[in-house]
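So this block is my_file11.txt, compact mmCIF, C-alpha atoms and all ligand atoms:
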```
# COMPACT_ATOMS: atom_id res chain seq x y z
CA MET A 9 61.16 10.16 -85.73
CA LYS A 10 63.78 7.60 -86.69
CA LYS A 11 64.56 7.41 -90.40
CA SER A 12 63.67 4.29 -92.34
CA TYR A 13 66.88 2.37 -92.96
CA SER A 14 65.33 -0.36 -95.07
CA THR A 15 65.88 1.54 -98.28
CA LEU A 16 69.48 2.38 -97.37
CA ILE A 17 70.71 -1.06 -96.33
CA ASN A 18 71.61 -3.65 -98.94
CA LYS A 19 69.63 -6.81 -98.27
CA LYS A 20 72.79 -8.78 -99.13
CA ASN A 21 74.25 -7.59 -95.80
CA ILE A 22 71.42 -9.04 -93.75
CA THR A 23 72.40 -12.22 -91.90
CA SER A 24 69.50 -12.61 -89.45
CA ILE A 25 65.78 -11.83 -89.51
CA ALA A 26 62.82 -11.88 -87.10
CA ILE A 27 59.52 -12.70 -88.80
CA GLY A 28 55.96 -11.78 -87.79
CA GLY A 29 53.19 -9.21 -87.93
CA PHE A 30 54.76 -7.06 -85.22
CA ASP A 31 51.80 -4.71 -84.86
CA GLY A 32 52.62 -2.57 -81.84
CA MET A 33 56.32 -3.51 -81.66
CA HIS A 34 55.50 -4.47 -78.05
CA ILE A 35 57.85 -5.77 -75.36
CA ALA A 36 57.63 -9.41 -76.48
CA HIS A 37 58.45 -8.38 -80.07
CA GLN A 38 61.42 -6.44 -78.69
CA GLN A 39 62.66 -9.61 -76.96
CA LEU A 40 62.76 -11.33 -80.36
CA PHE A 41 64.71 -8.41 -81.85
CA LYS A 42 67.33 -8.75 -79.09
CA LYS A 43 68.29 -12.10 -80.60
CA LEU A 44 69.16 -10.56 -83.97
CA ASP A 45 72.83 -10.03 -84.74
CA GLN A 46 74.20 -6.65 -85.77
CA ASN A 47 73.22 -7.30 -89.39
CA GLY A 48 69.68 -8.15 -88.40
CA ALA A 49 66.41 -7.08 -89.99
CA ILE A 50 62.72 -7.30 -89.24
CA VAL A 51 60.46 -8.97 -91.75
CA VAL A 52 56.90 -7.77 -91.27
CA ILE A 53 54.15 -9.85 -92.78
CA GLU A 54 51.47 -7.20 -93.24
CA SER A 55 47.96 -8.62 -92.91
CA GLY A 56 46.20 -5.29 -93.43
CA HIS A 57 44.79 -5.50 -89.88
CA SER A 58 47.55 -3.67 -88.06
CA ASN A 59 46.22 -0.63 -86.24
CA LEU A 60 48.65 -0.08 -83.34
CA THR A 61 51.56 0.67 -85.69
CA PRO A 62 49.73 0.70 -89.04
CA LYS A 63 51.33 0.89 -92.46
CA SER A 64 55.02 1.79 -92.16
CA ASN A 65 54.90 3.07 -88.56
CA ARG A 66 56.97 0.26 -87.09
CA GLN A 67 60.40 1.62 -88.05
CA GLU A 68 60.23 4.27 -85.33
CA TYR A 69 60.47 1.58 -82.65
CA THR A 70 63.63 -0.21 -83.74
CA HIS A 71 67.07 0.51 -85.14
CA PHE A 72 66.91 -2.63 -87.28
CA PRO A 73 65.69 -2.10 -90.84
CA VAL A 74 62.06 -3.15 -91.34
CA TYR A 75 60.95 -4.83 -94.58
CA TYR A 76 57.27 -5.28 -95.34
CA TYR A 77 55.67 -8.19 -97.22
CA VAL A 78 51.96 -8.27 -97.93
CA LEU A 79 50.37 -11.44 -96.55
CA ASP A 80 47.99 -11.79 -99.51
CA ASN A 81 50.97 -11.98 -101.89
CA ILE A 82 52.75 -14.80 -100.05
CA LYS A 83 50.10 -16.81 -98.21
CA HIS A 84 49.66 -19.27 -101.10
CA LEU A 85 53.33 -20.34 -100.93
CA GLU A 86 54.33 -23.84 -99.90
CA GLY A 87 56.97 -24.01 -97.13
CA GLU A 88 59.86 -24.60 -99.56
CA GLU A 89 58.72 -21.67 -101.70
CA PHE A 90 58.58 -19.36 -98.68
CA ILE A 91 62.13 -20.30 -97.67
CA LYS A 92 63.25 -19.84 -101.29
CA LEU A 93 61.75 -16.35 -101.27
CA LEU A 94 63.59 -15.46 -98.04
CA LYS A 95 66.86 -16.72 -99.49
CA GLU A 96 66.34 -14.72 -102.67
CA GLU A 97 65.53 -11.60 -100.66
CA PHE A 98 68.36 -12.10 -98.15
CA PRO A 99 71.07 -14.17 -99.88
CA ASN A 100 73.33 -14.24 -96.80
CA LEU A 101 70.66 -15.21 -94.31
CA LYS A 102 72.02 -17.44 -91.53
CA LYS A 103 69.51 -17.09 -88.69
CA ILE A 104 65.72 -16.79 -88.35
CA ILE A 105 63.99 -15.75 -85.12
CA VAL A 106 60.31 -16.44 -84.51
CA GLY A 107 57.97 -16.89 -81.59
CA PHE A 108 56.50 -20.17 -80.30
CA ASP A 109 53.26 -19.78 -82.33
CA PHE A 110 54.76 -18.80 -85.67
CA CYS A 111 53.00 -20.35 -88.68
CA PHE A 112 53.56 -19.79 -92.36
CA GLY A 113 52.74 -20.95 -95.86
CA LYS A 114 49.60 -22.21 -97.53
CA ASN A 115 46.74 -22.62 -95.01
CA ARG A 116 49.26 -21.80 -92.22
CA LYS A 117 50.22 -25.46 -92.32
CA TYR A 118 53.92 -24.98 -91.49
CA ASN A 119 54.96 -24.27 -87.90
CA THR A 120 58.28 -23.75 -86.11
CA LEU A 121 59.20 -27.44 -86.59
CA GLY A 122 58.57 -27.09 -90.32
CA LEU A 123 60.72 -23.98 -90.36
CA LYS A 124 63.59 -25.82 -88.67
CA LYS A 125 63.29 -28.66 -91.14
CA LEU A 126 63.20 -26.45 -94.24
CA PHE A 127 65.71 -23.73 -93.37
CA GLU A 128 69.33 -24.80 -93.47
CA GLY A 129 70.61 -22.15 -91.06
CA GLU A 130 69.85 -21.52 -87.39
CA VAL A 131 66.25 -21.14 -86.21
CA ILE A 132 65.59 -19.61 -82.79
CA VAL A 133 62.13 -20.14 -81.36
CA VAL A 134 61.23 -17.87 -78.46
CA ASP A 135 58.89 -19.24 -75.78
CA GLU A 136 55.75 -17.27 -74.96
CA ILE A 137 56.70 -14.07 -73.11
CA CYS A 138 54.36 -12.93 -70.33
CA ASP A 139 53.92 -9.91 -68.09
CA ASN A 140 52.69 -10.91 -64.60
CA ASN A 141 51.24 -14.13 -66.01
CA LEU A 142 49.51 -12.32 -68.86
CA ALA A 143 50.78 -13.34 -72.29
CA ILE A 144 51.80 -10.32 -74.32
CA HIS A 145 50.07 -10.12 -77.69
CA SER A 146 48.92 -7.33 -79.96
CA ARG A 147 45.33 -8.58 -79.70
CA TYR A 148 45.29 -8.14 -75.89
CA ILE A 149 46.86 -4.69 -76.16
CA ARG A 150 44.12 -3.69 -78.63
CA GLU A 151 41.52 -4.86 -76.13
CA PHE A 152 43.04 -2.74 -73.34
CA ILE A 153 43.04 0.31 -75.61
CA ARG A 154 39.45 -0.34 -76.68
CA VAL A 155 38.28 -0.24 -73.07
CA GLY A 156 40.45 2.76 -72.17
CA ASN A 157 42.94 0.86 -70.01
CA ILE A 158 45.82 2.85 -71.41
CA LYS A 159 48.12 2.19 -68.47
CA LYS A 160 48.01 -1.56 -69.03
CA ALA A 161 48.34 -1.18 -72.80
CA ASN A 162 51.40 1.04 -72.31
CA GLU A 163 52.92 -1.46 -69.89
CA LEU A 164 52.69 -4.21 -72.52
CA LEU A 165 53.80 -1.91 -75.32
CA GLY A 166 56.81 -0.74 -73.32
CA LYS A 167 56.00 2.83 -74.38
CA ASN A 168 53.07 5.22 -74.59
CA TYR A 169 50.42 4.29 -77.16
CA LYS A 170 50.52 6.86 -79.94
CA ILE A 171 48.23 7.89 -82.78
CA ILE A 172 48.98 10.19 -85.68
CA GLY A 173 46.35 12.51 -87.16
CA GLN A 174 45.73 15.41 -89.44
CA THR A 175 44.49 18.72 -88.03
CA THR A 176 40.96 19.68 -89.02
CA LYS A 177 38.55 22.54 -88.42
CA GLY A 178 36.45 22.40 -85.24
CA GLN A 179 33.15 24.07 -84.36
CA GLY A 180 34.95 27.26 -83.35
CA LEU A 181 33.38 26.95 -79.90
CA GLY A 182 36.34 25.77 -77.80
CA LYS A 183 38.33 28.95 -77.51
CA LYS A 184 35.20 31.05 -76.92
CA SER A 185 33.30 28.88 -74.41
CA PHE A 186 35.78 26.29 -73.08
CA VAL A 187 39.50 26.01 -73.85
CA PRO A 188 41.27 26.15 -77.23
CA THR A 189 41.70 22.74 -78.83
CA ILE A 190 43.31 21.24 -81.91
CA ASN A 191 40.80 19.03 -83.73
CA LEU A 192 42.08 15.94 -85.49
CA THR A 193 41.04 13.32 -87.99
CA VAL A 194 42.77 10.00 -87.54
CA GLU A 195 42.88 7.11 -89.98
CA ASN A 196 44.21 3.56 -89.60
CA PHE A 197 45.02 3.83 -85.87
CA LEU A 198 42.92 2.12 -83.23
CA LEU A 199 41.21 4.79 -81.10
CA PRO A 200 40.84 4.50 -77.33
CA ASN A 201 37.23 4.57 -76.19
CA GLU A 202 35.29 7.79 -75.53
CA GLY A 203 36.49 9.95 -72.68
CA VAL A 204 39.18 12.34 -71.49
CA TYR A 205 42.85 11.37 -71.38
CA ILE A 206 46.15 12.71 -70.05
CA THR A 207 48.32 12.96 -73.15
CA LYS A 208 51.42 14.39 -74.73
CA THR A 209 50.86 16.12 -78.06
CA ILE A 210 53.79 16.16 -80.43
CA ILE A 211 53.95 18.91 -83.02
CA LYS A 212 57.00 19.21 -85.26
CA ASP A 213 59.12 17.11 -82.87
CA LYS A 214 58.17 19.21 -79.81
CA SER A 215 56.19 17.52 -77.07
CA TYR A 216 53.47 19.42 -75.14
CA ASN A 217 51.60 18.37 -72.00
CA SER A 218 47.95 18.04 -72.97
CA VAL A 219 44.48 16.71 -72.25
CA THR A 220 42.64 14.99 -75.08
CA PHE A 221 38.93 14.40 -75.54
CA LEU A 222 37.71 11.60 -77.79
CA GLY A 223 34.02 11.07 -78.32
CA HIS A 224 30.67 12.44 -79.34
CA ARG A 225 30.37 16.05 -78.18
CA VAL A 226 27.10 15.23 -76.49
CA THR A 227 26.98 18.64 -74.78
CA THR A 228 27.39 20.65 -77.99
CA ASP A 229 26.78 19.42 -81.54
CA GLY A 230 26.76 15.66 -80.83
CA SER A 231 29.33 14.85 -83.51
CA TYR A 232 32.39 12.66 -82.98
CA ALA A 233 35.63 14.54 -82.35
CA ILE A 234 39.23 14.06 -81.32
CA GLU A 235 40.38 17.27 -79.66
CA THR A 236 43.54 18.05 -77.78
CA HIS A 237 44.23 21.00 -75.50
CA LEU A 238 47.87 21.99 -74.96
CA ILE A 239 48.10 22.93 -71.28
CA GLY A 240 49.45 26.40 -70.64
CA GLU A 241 50.20 27.03 -74.31
CA ASP A 242 48.70 29.56 -76.63
CA ILE A 243 49.62 28.22 -80.02
CA ILE A 244 47.46 29.23 -82.93
CA ASN A 245 47.09 28.06 -86.51
CA ILE A 246 48.49 24.57 -86.07
CA MET A 247 48.11 22.67 -89.32
CA GLY A 248 49.31 19.35 -90.66
CA LYS A 249 50.26 16.10 -88.94
CA ILE A 250 50.37 15.84 -85.17
CA GLN A 251 50.90 12.92 -82.80
CA ILE A 252 49.11 12.13 -79.56
CA GLU A 253 50.67 9.88 -76.93
CA PHE A 254 48.20 8.50 -74.38
CA ILE A 255 49.28 8.30 -70.74
CA ASP A 256 46.13 7.60 -68.71
CA LYS A 257 42.37 7.97 -68.84
CA ILE A 258 40.85 10.62 -66.55
CA ARG A 259 37.12 10.06 -67.01
CA GLU A 260 34.26 8.98 -69.28
CA ASN A 261 32.52 11.25 -71.80
CA GLN A 262 29.62 13.07 -70.14
CA LYS A 263 26.60 15.16 -71.13
CA PHE A 264 26.39 18.46 -69.22
CA ASP A 265 23.22 20.57 -68.79
CA ASN A 266 25.02 23.74 -69.74
CA PHE A 267 28.34 25.01 -71.12
CA GLU A 268 29.34 26.43 -67.73
CA ASP A 269 29.33 23.00 -66.09
CA LEU A 270 31.35 21.52 -68.95
CA LYS A 271 33.86 24.37 -68.67
CA LYS A 272 34.20 23.71 -64.90
CA GLN A 273 34.77 20.02 -65.57
CA ILE A 274 37.37 20.74 -68.29
CA ASP A 275 39.25 22.95 -65.80
CA LYS A 276 39.20 20.03 -63.34
CA ASP A 277 40.50 17.69 -66.07
CA ILE A 278 43.38 20.08 -66.73
CA ASN A 279 44.18 20.21 -63.01
CA ASN A 280 44.18 16.43 -62.81
CA ALA A 281 46.57 16.26 -65.77
CA LEU A 282 48.80 18.91 -64.18
CA LYS A 283 49.01 16.83 -61.00
CA TYR A 284 50.34 13.98 -63.12
CA PHE A 285 52.83 16.16 -65.03
CA ASP A 286 54.06 17.89 -61.85
CA LYS A 287 54.79 14.57 -60.14
C1 LIG B 301 39.43 18.24 -71.72
C2 LIG B 301 38.15 18.21 -72.50
C3 LIG B 301 37.09 17.50 -72.00
C4 LIG B 301 35.86 17.48 -72.68
N1 LIG B 301 34.84 16.77 -72.17
C5 LIG B 301 33.65 16.75 -72.82
C6 LIG B 301 32.53 16.04 -72.29
O1 LIG B 301 32.61 15.38 -71.26
N2 LIG B 301 31.35 16.09 -72.97
C7 LIG B 301 31.22 16.78 -74.14
O2 LIG B 301 30.14 16.79 -74.71
N3 LIG B 301 32.27 17.44 -74.69
C8 LIG B 301 33.46 17.45 -74.06
N4 LIG B 301 34.52 18.13 -74.60
C9 LIG B 301 34.40 18.66 -75.94
C10 LIG B 301 33.84 20.05 -75.98
O3 LIG B 301 32.46 19.91 -76.11
C11 LIG B 301 34.47 20.72 -77.20
O4 LIG B 301 35.78 21.05 -76.89
C12 LIG B 301 33.68 21.91 -77.60
O5 LIG B 301 32.50 21.44 -78.15
C13 LIG B 301 34.45 22.78 -78.59
O6 LIG B 301 34.60 22.18 -79.81
P1 LIG B 301 35.46 22.84 -80.99
O7 LIG B 301 36.92 22.71 -80.65
O8 LIG B 301 35.10 22.01 -82.20
O9 LIG B 301 35.05 24.25 -81.12
C14 LIG B 301 35.74 18.17 -73.93
C15 LIG B 301 36.85 18.87 -74.44
C16 LIG B 301 38.04 18.91 -73.74
C17 LIG B 301 39.20 19.68 -74.30
N1 LIG B 302 54.29 -13.12 -76.18
C1 LIG B 302 55.13 -13.60 -77.10
N2 LIG B 302 56.15 -14.40 -76.76
C2 LIG B 302 57.01 -14.89 -77.69
N3 LIG B 302 56.91 -14.64 -79.00
C3 LIG B 302 55.91 -13.83 -79.40
C4 LIG B 302 54.97 -13.26 -78.48
N4 LIG B 302 54.10 -12.50 -79.17
C5 LIG B 302 54.46 -12.59 -80.47
N5 LIG B 302 55.55 -13.39 -80.61
C6 LIG B 302 56.25 -13.72 -81.86
O1 LIG B 302 56.54 -12.48 -82.51
C7 LIG B 302 56.33 -12.58 -83.91
C8 LIG B 302 55.26 -11.61 -84.31
O2 LIG B 302 54.03 -12.14 -83.87
P1 LIG B 302 52.62 -11.48 -84.04
O3 LIG B 302 52.71 -10.38 -85.01
O4 LIG B 302 51.62 -12.56 -84.28
O5 LIG B 302 52.45 -10.85 -82.58
P2 LIG B 302 51.27 -11.01 -81.55
O6 LIG B 302 51.55 -9.99 -80.52
O7 LIG B 302 51.15 -12.43 -81.09
O8 LIG B 302 50.02 -10.55 -82.42
P3 LIG B 302 48.51 -11.06 -82.39
O9 LIG B 302 47.98 -10.88 -81.02
O10 LIG B 302 47.82 -10.18 -83.41
O11 LIG B 302 48.58 -12.51 -82.80
C9 LIG B 302 55.97 -14.03 -84.20
O12 LIG B 302 57.13 -14.73 -84.55
C10 LIG B 302 55.39 -14.49 -82.86
O13 LIG B 302 55.48 -15.88 -82.70
```
How would this structure read if it were set down as structure tokens?
Amino acid sequence: MKKSYSTLINKKNITSIAIGGFDGMHIAHQQLFKKLDQNGAIVVIESGHSNLTPKSNRQEYTHFPVYYYVLDNIKHLEGEEFIKLLKEEFPNLKKIIVGFDFCFGKNRKYNTLGLKKLFEGEVIVVDEICDNNLAIHSRYIREFIRVGNIKKANELLGKNYKIIGQTTKGQGLGKKSFVPTINLTVENFLLPNEGVYITKTIIKDKSYNSVTFLGHRVTTDGSYAIETHLIGEDIINIMGKIQIEFIDKIRENQKFDNFEDLKKQIDKDINNALKYFDK
């Protein structure tokens, strides 16, 4: 994981910034970052609703330092006050980069024209960026993830969608009746819908081919679980934080009449994932 530079870099050195929510750090966001100069920085206005790259998870996807500002603390500001704040924070600021729909200040009443009027330096406004006629926005990516269209979400993200979770104790059934799995609890990240996914599981910087089940274990105890099986690995006692990168959805969650049928299906899921990884 890339280190956070924001605490190491003196804000006085920053000469350009890109401003926005930047949840997901998707391919349109990356186009904005390309317009930063080498002393650029990313100013994240954190609304509290980010769930693709929640909290401080954005730094991993850029080499520019990321600075976070809580929306609730600044949304009352008039336009002039917002610009004053930016100039206080970044005294050598010369260039601001925003997208076509950027709004700021009290009641979101200032737009890109207002920004150009109020800021004395250069303002670059990027036109709406699309992918095959589909505008790229965090809200659309969330929708694709919600319905399990991981491939499309990944295309717009420009990378595999990833969640981070904490290992937890399972029912103790997997290893005995099905396959061994690592059970996870995940907070703050948007979860793909119920079903079985081809995934990569990252443990202590090592990436493993895996299949991941998310959903109510309707065949066993009925409770909601996030479980990942590392294909061809026999790793025991994994504890702590792990990451799951989603690649594609294999199938929906299903209720089986007996454990044997579920085991057969899980073996098929693993074979399907192997076909993908062997490609
Ligand atoms: C690849 C895979 C697919 C699964 N598919 C289903 C399913 O379709 N329906 C279901 O009820 N449980 C499914 N499960 C969850 C199993 O029921 C679960 O692994 C089992 O209950 C063991 O749980 P434990 O790890 O908490 O012991 C799946 C698990 C894996 C690893
Ligand atoms: N498709 C796009 N084309 C050009 N600029 C964009 C695009 N998406 C976002 N931006 C710009 O990137 C910055 C961050 O925007 P924001 O966080 O609102 O992203 P978003 O993907 O539009 O999110 P949401 O869907 O939640 O509105 C803003 O300056 C915004 O105008």
Counting all atoms listed in the file, the residue of A:Lys19, A:Lys124, A:Lys276, A:His57 that sits nearest Val78 (chain A)
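When distances to Val78 (chain A) are compared using all atoms listed in the file, the smallest one comes from A:His57.
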As a quick test: using only C-alpha atoms and all ligand atoms, which residues lie no more than 7 Å away from ligand LIG 302 (chain B)? Give them as an NGL selection string.
:A and (26-31 or 36-37 or 40 or 105-110 or 134-138 or 143-148)
Which of these residues is nearest to Lys160 (chain A), using all atoms listed in the file: A:Phe285, A:Phe127, A:Phe254, A:Tyr216?
A:Phe254
note - CA of Glu88 (chain A) and CA of Lys102 (chain A) are separated by 16.2 Å
Work out how far CA of Glu241 (chain A) is from CA of Gln179 (chain A), in Å to one decimal.
20.0 Å
Surrounding residues as a PyMOL selection string, ligand LIG 301 (chain B), max 7 Å, all atoms listed in the file:
chain A and resi 178-183+186-191+203-204+219-221+224-229+235-237+260-264+270+274+277-278
Limited to C-alpha atoms, could you put the picked residues into a file as a tab-separated table (two decimals), in the frame of the given file?
```tsv
chain	number	residue	atom	x	y	z
A	178	GLY	CA	36.45	22.40	-85.24
A	179	GLN	CA	33.15	24.07	-84.36
A	180	GLY	CA	34.95	27.26	-83.35
A	181	LEU	CA	33.38	26.95	-79.90
A	182	GLY	CA	36.34	25.77	-77.80
A	183	LYS	CA	38.33	28.95	-77.51
A	186	PHE	CA	35.78	26.29	-73.08
A	187	VAL	CA	39.50	26.01	-73.85
A	188	PRO	CA	41.27	26.15	-77.23
A	189	THR	CA	41.70	22.74	-78.83
A	190	ILE	CA	43.31	21.24	-81.91
A	191	ASN	CA	40.80	19.03	-83.73
A	203	GLY	CA	36.49	9.95	-72.68
A	204	VAL	CA	39.18	12.34	-71.49
A	219	VAL	CA	44.48	16.71	-72.25
A	220	THR	CA	42.64	14.99	-75.08
A	221	PHE	CA	38.93	14.40	-75.54
A	224	HIS	CA	30.67	12.44	-79.34
A	225	ARG	CA	30.37	16.05	-78.18
A	226	VAL	CA	27.10	15.23	-76.49
A	227	THR	CA	26.98	18.64	-74.78
A	228	THR	CA	27.39	20.65	-77.99
A	229	ASP	CA	26.78	19.42	-81.54
A	235	GLU	CA	40.38	17.27	-79.66
A	236	THR	CA	43.54	18.05	-77.78
A	237	HIS	CA	44.23	21.00	-75.50
A	260	GLU	CA	34.26	8.98	-69.28
A	261	ASN	CA	32.52	11.25	-71.80
A	262	GLN	CA	29.62	13.07	-70.14
A	263	LYS	CA	26.60	15.16	-71.13
A	264	PHE	CA	26.39	18.46	-69.22
A	270	LEU	CA	31.35	21.52	-68.95
A	274	ILE	CA	37.37	20.74	-68.29
A	277	ASP	CA	40.50	17.69	-66.07
A	278	ILE	CA	43.38	20.08	-66.73
```
Could you tell me, as an mmCIF file with C-alpha atoms, keeping the file's coordinate frame, which residues have any atom at most 12 Å from (70.1, -19.3, -96.8), counting all atoms listed in the file?
```cif
data_model
loop_
_atom_site.group_PDB
_atom_site.id
_atom_site.type_symbol
_atom_site.label_atom_id
_atom_site.label_comp_id
_atom_site.auth_asym_id
_atom_site.auth_seq_id
_atom_site.Cartn_x
_atom_site.Cartn_y
_atom_site.Cartn_z
ATOM 1 C CA LYS A 20 72.790 -8.780 -99.130
ATOM 2 C CA ILE A 22 71.420 -9.040 -93.750
ATOM 3 C CA THR A 23 72.400 -12.220 -91.900
ATOM 4 C CA SER A 24 69.500 -12.610 -89.450
ATOM 5 C CA ILE A 25 65.780 -11.830 -89.510
ATOM 6 C CA GLU A 88 59.860 -24.600 -99.560
ATOM 7 C CA PHE A 90 58.580 -19.360 -98.680
ATOM 8 C CA ILE A 91 62.130 -20.300 -97.670
ATOM 9 C CA LYS A 92 63.250 -19.840 -101.290
ATOM 10 C CA LEU A 93 61.750 -16.350 -101.270
ATOM 11 C CA LEU A 94 63.590 -15.460 -98.040
ATOM 12 C CA LYS A 95 66.860 -16.720 -99.490
ATOM 13 C CA GLU A 96 66.340 -14.720 -102.670
ATOM 14 C CA GLU A 97 65.530 -11.600 -100.660
ATOM 15 C CA PHE A 98 68.360 -12.100 -98.150
ATOM 16 C CA PRO A 99 71.070 -14.170 -99.880
ATOM 17 C CA ASN A 100 73.330 -14.240 -96.800
ATOM 18 C CA LEU A 101 70.660 -15.210 -94.310
ATOM 19 C CA LYS A 102 72.020 -17.440 -91.530
ATOM 20 C CA LYS A 103 69.510 -17.090 -88.690
ATOM 21 C CA ILE A 104 65.720 -16.790 -88.350
ATOM 22 C CA LEU A 126 63.200 -26.450 -94.240
ATOM 23 C CA PHE A 127 65.710 -23.730 -93.370
ATOM 24 C CA GLU A 128 69.330 -24.800 -93.470
ATOM 25 C CA GLY A 129 70.610 -22.150 -91.060
ATOM 26 C CA GLU A 130 69.850 -21.520 -87.390
ATOM 27 C CA VAL A 131 66.250 -21.140 -86.210
#
```
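Interatomic distance, CA of Thr175 (chain A) against CA of Ile250 (chain A): 7.1 Å.
Between Leu198 (chain A) and the residues A:Ser58, A:Asn266, A:Asn81, A:Thr176, the shortest atom-to-atom distance, using all atoms listed in the file, involves A:Ser58.
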Return the padded bounding box of region 232-246 of chain A as JSON: axis-aligned, built from all atoms listed in the file, 3 Å added on each side, with centre and edge lengths in Å to one decimal.
```
{"center_x": 41.3, "center_y": 21.1, "center_z": -78.6, "size_x": 23.8, "size_y": 22.9, "size_z": 21.9}
```
Which one is closest to Pro73 (chain A): A:Gly56, A:Asn217, A:Asn201, A:Ile17? Count only C-alpha atoms.
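So, comparing all the options, the nearest one is A:Ile17.
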Counting all atoms listed in the file, the option among A:Asn59, A:Gln38, A:Asn65, A:Ser185 closest to Pro200 (chain A):
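Checking each of A:Asn59, A:Gln38, A:Asn65, A:Ser185 against Pro200 (chain A), counting all atoms listed in the file, the winner is A:Asn59.
The environment of Gly166 (chain A) within 12 Å, counting all atoms listed in the file and disregarding residues fewer than 3 places along the same chain, consists of Gly32, Met33, His34, Ile35, Ala36, His37, Gln38, Gln39, Tyr69, Asp139, Ile144, Ile149, Ile158, Lys159, Lys160, Ala161, Asn162, Glu163, Tyr169 and Lys170 of chain A.
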